[in-house]
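**Student:** Input file: structure.cif. Contents: mmCIF, C-alpha atoms.
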data_structure
loop_
_atom_site.label_atom_id
_atom_site.label_comp_id
_atom_site.auth_asym_id
_atom_site.auth_seq_id
_atom_site.Cartn_x
_atom_site.Cartn_y
_atom_site.Cartn_z
CA MET A 137 8.72 -13.32 61.43
CA SER A 138 8.40 -10.05 59.53
CA GLU A 139 6.96 -9.78 56.04
CA ARG A 140 9.47 -9.41 53.19
CA ASN A 141 9.71 -6.08 51.41
CA GLU A 142 11.66 -7.14 48.34
CA ALA A 143 10.76 -9.37 45.40
CA TYR A 144 12.83 -12.31 44.25
CA LEU A 145 15.98 -11.17 42.37
CA GLN A 146 15.14 -7.51 42.87
CA HIS A 147 18.82 -6.66 43.25
CA GLY A 148 20.62 -9.04 40.92
CA ARG A 149 20.41 -11.97 38.56
CA GLY A 150 20.87 -14.60 41.26
CA THR A 151 23.33 -17.46 41.38
CA VAL A 152 23.77 -20.24 38.85
CA VAL A 153 21.73 -22.46 41.20
CA ASP A 154 18.93 -19.86 41.29
CA ARG A 155 18.80 -19.57 37.51
CA PHE A 156 18.91 -23.33 37.01
CA GLY A 157 15.98 -23.72 39.42
CA VAL A 158 13.98 -21.09 37.49
CA TRP A 159 14.70 -22.93 34.22
CA LEU A 160 13.57 -26.26 35.66
CA SER A 161 10.36 -24.72 36.96
CA ALA A 162 9.60 -23.09 33.60
CA ARG A 163 10.11 -26.43 31.87
CA GLN A 164 7.64 -28.08 34.22
CA LEU A 165 5.04 -25.33 33.71
CA ARG A 166 5.15 -25.80 29.95
CA ARG A 167 4.68 -29.52 30.40
CA PHE A 168 1.14 -28.91 31.67
CA VAL A 169 0.40 -25.74 29.71
CA PRO A 170 2.23 -26.25 26.40
CA SER A 171 0.75 -23.08 24.94
CA PHE A 172 -0.38 -19.91 26.71
CA ALA A 173 -1.95 -18.56 23.52
CA GLY A 174 -5.23 -16.80 24.26
CA LYS A 175 -5.12 -17.59 27.97
CA ARG A 176 -5.69 -15.21 30.87
CA VAL A 177 -2.75 -15.80 33.17
CA GLY A 178 -2.07 -14.82 36.77
CA ASP A 179 1.55 -15.13 37.92
CA PHE A 180 1.51 -14.55 41.67
CA GLY A 181 4.87 -14.06 43.37
CA CYS A 182 6.39 -13.74 39.90
CA GLY A 183 9.65 -12.12 41.03
CA TYR A 184 10.92 -8.62 40.34
CA GLN A 185 11.76 -9.29 36.70
CA ALA A 186 8.85 -11.72 36.12
CA SER A 187 11.16 -13.72 33.89
CA PHE A 188 8.69 -16.47 33.01
CA ALA A 189 5.88 -14.02 32.26
CA ARG A 190 8.09 -12.05 29.88
CA GLY A 191 8.38 -15.15 27.74
CA ILE A 192 4.62 -15.55 27.29
CA LEU A 193 3.43 -11.93 27.07
CA GLY A 194 3.23 -12.09 23.31
CA ASP A 195 0.94 -15.13 23.42
CA ALA A 196 -1.29 -14.72 26.46
CA ALA A 197 -4.60 -12.88 26.14
CA SER A 198 -3.73 -11.11 29.39
CA ASP A 199 -1.27 -11.46 32.23
CA VAL A 200 -1.64 -10.31 35.83
CA LEU A 201 1.68 -10.05 37.68
CA VAL A 202 1.71 -9.74 41.45
CA ASP A 203 4.66 -9.27 43.80
CA VAL A 204 5.82 -6.83 46.47
CA ALA A 205 7.91 -5.01 43.85
CA LEU A 206 8.07 -5.20 40.05
CA ALA A 207 10.50 -3.82 37.47
CA ASP A 208 9.85 -0.33 36.12
CA ASP A 209 9.62 -1.44 32.50
CA LEU A 210 6.85 -3.90 33.38
CA LYS A 211 4.90 -1.13 35.08
CA ALA A 212 5.44 1.12 32.07
CA ASP A 213 4.16 -1.56 29.69
CA ALA A 214 1.06 -2.02 31.84
CA LEU A 215 0.18 1.67 31.36
CA LYS A 216 0.04 1.47 27.57
CA ALA A 217 -3.40 1.92 26.03
CA ASP A 218 -3.41 -1.52 24.41
CA ALA A 219 -1.72 -3.31 27.29
CA ARG A 220 -2.66 -6.90 28.01
CA LEU A 221 -0.51 -6.68 31.13
CA ARG A 222 -1.63 -5.71 34.62
CA VAL A 223 0.84 -5.33 37.46
CA ILE A 224 -0.05 -5.27 41.14
CA GLU A 225 2.53 -4.48 43.79
CA GLY A 226 1.54 -5.80 47.18
CA ARG A 227 1.68 -8.72 49.55
CA LEU A 228 -0.04 -11.99 48.90
CA PRO A 229 -2.81 -12.92 49.31
CA ASP A 230 -4.19 -9.45 50.13
CA ALA A 231 -3.09 -8.04 46.76
CA LEU A 232 -5.50 -10.37 44.96
CA ALA A 233 -8.68 -9.09 46.60
CA ALA A 234 -9.54 -6.66 43.79
CA LEU A 235 -9.39 -9.30 41.06
CA PRO A 236 -12.80 -10.65 39.97
CA ALA A 237 -13.73 -14.28 40.55
CA ALA A 238 -13.39 -16.76 37.66
CA SER A 239 -11.33 -14.26 35.65
CA LEU A 240 -8.22 -16.36 34.91
CA ASP A 241 -7.47 -19.48 32.91
CA VAL A 242 -4.06 -20.18 34.45
CA VAL A 243 -2.73 -19.36 37.92
CA LEU A 244 0.98 -19.80 38.66
CA LEU A 245 2.26 -20.12 42.23
CA VAL A 246 5.91 -20.97 41.67
CA SER A 247 8.17 -20.99 44.72
CA VAL A 248 5.93 -18.54 46.56
CA LEU A 249 3.71 -20.52 48.95
CA GLU A 250 6.65 -21.17 51.29
CA HIS A 251 7.18 -17.40 51.69
CA VAL A 252 3.68 -16.28 52.72
CA THR A 253 2.18 -16.21 56.19
CA GLU A 254 -1.29 -17.24 54.99
CA PRO A 255 -0.69 -20.02 52.46
CA GLN A 256 -4.15 -21.53 52.87
CA ARG A 257 -5.83 -18.24 52.02
CA LEU A 258 -3.55 -17.80 49.02
CA LEU A 259 -4.58 -21.21 47.66
CA ALA A 260 -8.23 -20.34 48.23
CA GLU A 261 -7.75 -17.12 46.26
CA ALA A 262 -6.21 -19.12 43.41
CA ALA A 263 -9.28 -21.36 43.33
CA ARG A 264 -11.61 -18.34 43.46
CA LEU A 265 -9.90 -16.67 40.52
CA LEU A 266 -9.89 -19.64 38.18
CA ALA A 267 -12.55 -19.85 35.48
CA PRO A 268 -14.25 -23.17 34.68
CA GLY A 269 -11.70 -25.46 33.06
CA GLY A 270 -8.83 -23.37 34.45
CA ILE A 271 -5.62 -24.74 35.90
CA ALA A 272 -3.40 -23.80 38.85
CA LEU A 273 0.24 -24.89 38.90
CA VAL A 274 1.94 -24.88 42.30
CA ASN A 275 5.63 -25.46 42.99
CA VAL A 276 7.06 -25.58 46.53
CA PRO A 277 10.26 -26.88 48.16
CA SER A 278 9.89 -30.21 49.97
CA TRP A 279 11.24 -31.21 53.36
CA ARG A 280 13.99 -33.10 51.58
CA GLY A 281 14.67 -29.95 49.61
CA LYS A 282 15.05 -28.00 52.85
CA ARG A 283 18.17 -29.95 53.73
CA TYR A 284 19.78 -29.41 50.34
CA LEU A 285 18.74 -25.77 50.12
CA GLU A 286 20.31 -25.01 53.47
CA LEU A 287 23.49 -26.92 52.58
CA ALA A 288 23.84 -25.10 49.25
CA THR A 289 22.96 -21.70 50.72
CA PHE A 290 24.53 -21.51 54.15
CA ARG A 291 27.54 -23.82 53.79
CA LEU A 292 28.43 -23.76 50.10
CA ARG A 293 27.29 -20.14 49.53
CA LEU A 294 25.55 -21.04 46.27
CA GLY A 295 22.19 -19.41 46.95
CA ALA A 296 20.62 -16.29 48.42
CA ALA A 297 20.51 -16.60 52.21
CA CYS A 298 17.71 -14.03 52.49
CA GLU A 299 15.44 -16.21 50.35
CA VAL A 300 15.94 -19.38 52.38
CA ASP A 301 15.72 -17.50 55.67
CA ASP A 302 12.32 -16.23 54.54
CA HIS A 303 10.88 -19.74 54.17
CA LYS A 304 8.00 -20.31 56.56
CA MET A 305 7.10 -23.88 55.57
CA TYR A 306 8.15 -26.82 53.42
CA TYR A 307 5.69 -29.12 51.69
CA ASP A 308 5.65 -32.80 50.87
CA VAL A 309 2.64 -34.25 49.04
CA ARG A 310 1.04 -35.14 52.38
CA ASP A 311 1.26 -31.48 53.45
CA LEU A 312 0.16 -29.81 50.22
CA TRP A 313 -2.64 -32.10 49.01
CA PRO A 314 -5.07 -31.51 51.93
CA MET A 315 -4.50 -27.76 51.66
CA LEU A 316 -5.48 -27.85 48.00
CA VAL A 317 -8.68 -29.71 48.87
CA ALA A 318 -9.47 -27.24 51.66
CA ALA A 319 -8.92 -24.39 49.18
CA GLY A 320 -11.75 -25.69 47.01
CA PHE A 321 -10.07 -27.92 44.44
CA ARG A 322 -11.71 -31.30 43.83
CA PRO A 323 -9.58 -34.29 44.88
CA SER A 324 -10.26 -35.99 41.54
CA LEU A 325 -8.84 -32.97 39.69
CA ILE A 326 -5.63 -32.64 41.72
CA ARG A 327 -2.34 -34.20 40.72
CA CYS A 328 0.37 -33.72 43.35
CA PHE A 329 3.83 -35.28 43.12
CA PRO A 330 7.55 -34.85 43.95
CA HIS A 331 9.86 -33.44 41.29
CA LYS A 332 13.40 -32.06 40.91
CA LEU A 333 14.73 -35.30 42.41
CA GLY A 334 12.30 -34.97 45.29
CA LEU A 335 13.59 -31.54 46.28
CA ASN A 336 10.28 -29.93 45.32
CA THR A 337 6.60 -30.79 45.33
CA PHE A 338 4.47 -29.89 42.32
CA ALA A 339 0.70 -29.72 42.05
CA VAL A 340 -1.58 -29.49 39.04
CA CYS A 341 -5.09 -28.40 40.05
CA ARG A 342 -7.86 -28.18 37.48
CA MET A 343 -11.27 -26.61 37.82
CA PRO A 344 -14.26 -28.51 36.41
CA PRO A 345 -15.51 -27.25 33.03
#
I need this file expressed as structure tokens, please.
**Tutor:**
Amino acid sequence: MSERNEAYLQHGRGTVVDRFGVWLSARQLRRFVPSFAGKRVGDFGCGYQASFARGILGDAASDVLVDVALADDLKADALKADARLRVIEGRLPDALAALPAASLDVVLLVSVLEHVTEPQRLLAEAARLLAPGGIALVNVPSWRGKRYLELATFRLRLGAACEVDDHKMYYDVRDLWPMLVAAGFRPSLIRCFPHKLGLNTFAVCRMPP
């Protein structure tokens, strides 16, 4: 399967289902990080418009956005002299290699792990980049979600077929948890559970202080 060359929602706003899914994910992120004030954030696979990141740019100490393509205004903002924003266009996890270890307080991997060909290496990079006391938040579609995603996308035409066709894996807790451990997160500091009515799996991974 070839690598994708376009970021999420690069050519449109997406369907109502897409936007509702983004809203639900953002709500879950804020449940575990109520405030991004003063935090160094990495949003990997953030989407072309980086919609969640735009909402926290005024609070975060810094924000690193990574995707295969990013909106021009984000790239322009990153070039300003006082910019707290850094944008990196490239494929994951290779695009993270230049970032220094222990340089982030929050890493977001929201609906991205299922799209990459090296998910284990991406999780290991997330662990490498987190500072002591940092947190990684991971959202992925579950195997139950696969059935509903394909129904909504291919039969009801409510989603983007190119996005679902790009999925390389689905993750229940039993799939994701051992990968998080192998990436370097301590079992005692991992919380992994179903959400969105079991259509997704969510993980909260903390680094020791």
**Student:** Choose the residue, out of A:Trp279, A:Phe290, A:Trp313, A:Phe188, that has the smallest atom-to-atom separation from A:Val246; count all atoms listed in the file.
**Tutor:**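 For A:Val246, the nearest of the candidates is A:Phe188.
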**Student:** Expanded to explicit residues, what is the PyMOL selection byres ((chain A and resi 316) around 9) for this file, as an MDAnalysis selection string?
**Tutor:** chainID A and resid 256 259:260 263 312:315 317:323 326 339 341
**Student:** Using only C-alpha atoms, find the one residue out of A:Lys282, A:Gly181, A:Ala189, A:Lys211 that sits nearest to A:His251.
**Tutor:**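 Smallest separation from A:His251 among the options: A:Gly181.
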**Student:** With the PyMOL selection byres ((chain A and resi 244) around 12) as the selection, what would be picked from this file? Answer as a VMD selection string, please.
**Tutor:** chain A and resid 161 to 162 164 to 166 168 to 169 176 to 183 186 188 to 189 199 to 202 240 to 243 245 to 249 258 to 259 261 to 263 265 to 266 270 to 276 338 to 341
**Student:** I need the chosen residues saved as a tab-separated table (two decimals), in the frame of the given file, with C-alpha atoms.
**Tutor:**
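Below is the file part-v2.tsv, written as the result:
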chain	number	residue	atom	x	y	z
A	161	SER	CA	10.36	-24.72	36.96
A	162	ALA	CA	9.60	-23.09	33.60
A	164	GLN	CA	7.64	-28.08	34.22
A	165	LEU	CA	5.04	-25.33	33.71
A	166	ARG	CA	5.15	-25.80	29.95
A	168	PHE	CA	1.14	-28.91	31.67
A	169	VAL	CA	0.40	-25.74	29.71
A	176	ARG	CA	-5.69	-15.21	30.87
A	177	VAL	CA	-2.75	-15.80	33.17
A	178	GLY	CA	-2.07	-14.82	36.77
A	179	ASP	CA	1.55	-15.13	37.92
A	180	PHE	CA	1.51	-14.55	41.67
A	181	GLY	CA	4.87	-14.06	43.37
A	182	CYS	CA	6.39	-13.74	39.90
A	183	GLY	CA	9.65	-12.12	41.03
A	186	ALA	CA	8.85	-11.72	36.12
A	188	PHE	CA	8.69	-16.47	33.01
A	189	ALA	CA	5.88	-14.02	32.26
A	199	ASP	CA	-1.27	-11.46	32.23
A	200	VAL	CA	-1.64	-10.31	35.83
A	201	LEU	CA	1.68	-10.05	37.68
A	202	VAL	CA	1.71	-9.74	41.45
A	240	LEU	CA	-8.22	-16.36	34.91
A	241	ASP	CA	-7.47	-19.48	32.91
A	242	VAL	CA	-4.06	-20.18	34.45
A	243	VAL	CA	-2.73	-19.36	37.92
A	245	LEU	CA	2.26	-20.12	42.23
A	246	VAL	CA	5.91	-20.97	41.67
A	247	SER	CA	8.17	-20.99	44.72
A	248	VAL	CA	5.93	-18.54	46.56
A	249	LEU	CA	3.71	-20.52	48.95
A	258	LEU	CA	-3.55	-17.80	49.02
A	259	LEU	CA	-4.58	-21.21	47.66
A	261	GLU	CA	-7.75	-17.12	46.26
A	262	ALA	CA	-6.21	-19.12	43.41
A	263	ALA	CA	-9.28	-21.36	43.33
A	265	LEU	CA	-9.90	-16.67	40.52
A	266	LEU	CA	-9.89	-19.64	38.18
A	270	GLY	CA	-8.83	-23.37	34.45
A	271	ILE	CA	-5.62	-24.74	35.90
A	272	ALA	CA	-3.40	-23.80	38.85
A	273	LEU	CA	0.24	-24.89	38.90
A	274	VAL	CA	1.94	-24.88	42.30
A	275	ASN	CA	5.63	-25.46	42.99
A	276	VAL	CA	7.06	-25.58	46.53
A	338	PHE	CA	4.47	-29.89	42.32
A	339	ALA	CA	0.70	-29.72	42.05
A	340	VAL	CA	-1.58	-29.49	39.04
A	341	CYS	CA	-5.09	-28.40	40.05
**Student:** Could you tell me which residues the PyMOL selection byres ((chain A and resi 225) around 10) grabs in this file, written as number ranges by chain?
**Tutor:** A: 143, 181, 184, 201-206, 211, 223-224, 226-228, 231
**Student:** Could you tell me how far atom CA of A:Ala219 sits from atom CA of A:Ala207, in Å to one decimal place?
**Tutor:**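 These two atoms are separated by 15.9 Å.
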**Student:** Rounded to one decimal in Å, what is the spacing between atom CA of A:Leu160 and atom CA of A:Gln185?
**Tutor:** 17.1 Å
**Student:** Using the file's own x, y and z axes, what box holds all listed atoms of stretch 243-252 of chain A with 4 Å on each side, keeping edges along x, y and z, and what are its centre and edge lengths in Å to one decimal, as lines of an AutoDock Vina configuration file?
**Tutor:**
center_x = 2.7
center_y = -18.7
center_z = 45.3
size_x = 18.9
size_y = 12.9
size_z = 22.8
**Student:** Report the distance between atom CA of A:Thr337 and atom CA of A:Asp308 in Å, rounded to one decimal place.
**Tutor:**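 Value for the atom CA of A:Thr337-atom CA of A:Asp308 distance: 6.0 Å.
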**Student:** With only C-alpha atoms as the counted atoms, please give the residues lying no more than 10 Å from A:Ile192, apart from itself and same-chain residues fewer than 4 positions off, as a VMD selection string.
**Tutor:** chain A and resid 171 to 173 175 177 187 to 188 196 to 199
**Student:** Which residue gives the smallest distance to A:Pro236 among A:Ala267, A:Cys328, A:Leu335, A:Leu215, with all atoms listed in the file counted?
**Tutor:** A:Ala267
**Student:** Kindly indicate which residue among A:Leu285, A:Leu221, A:Ala212, A:Ala238 lies nearest to A:Pro344, using only C-alpha atoms for the distances.
**Tutor:**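 Smallest distance to A:Pro344 is found for A:Ala238.
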**Student:** Quick one: residues within 12 Å of A:Arg280, all atoms listed in the file counted, chain neighbours fewer than 5 positions away excluded, as a PDB file with C-alpha atoms, keeping the file's coordinate frame?
**Tutor:**
ATOM      1  CA  LEU A 285      18.740 -25.770  50.120  1.00  0.00           C
ATOM      2  CA  GLU A 286      20.310 -25.010  53.470  1.00  0.00           C
ATOM      3  CA  LEU A 287      23.490 -26.920  52.580  1.00  0.00           C
ATOM      4  CA  TYR A 306       8.150 -26.820  53.420  1.00  0.00           C
ATOM      5  CA  TYR A 307       5.690 -29.120  51.690  1.00  0.00           C
ATOM      6  CA  ASP A 308       5.650 -32.800  50.870  1.00  0.00           C
ATOM      7  CA  VAL A 309       2.640 -34.250  49.040  1.00  0.00           C
ATOM      8  CA  PRO A 330       7.550 -34.850  43.950  1.00  0.00           C
ATOM      9  CA  HIS A 331       9.860 -33.440  41.290  1.00  0.00           C
ATOM     10  CA  LYS A 332      13.400 -32.060  40.910  1.00  0.00           C
ATOM     11  CA  LEU A 333      14.730 -35.300  42.410  1.00  0.00           C
ATOM     12  CA  GLY A 334      12.300 -34.970  45.290  1.00  0.00           C
ATOM     13  CA  LEU A 335      13.590 -31.540  46.280  1.00  0.00           C
ATOM     14  CA  ASN A 336      10.280 -29.930  45.320  1.00  0.00           C
ATOM     15  CA  THR A 337       6.600 -30.790  45.330  1.00  0.00           C
TER      16      THR A 337
END
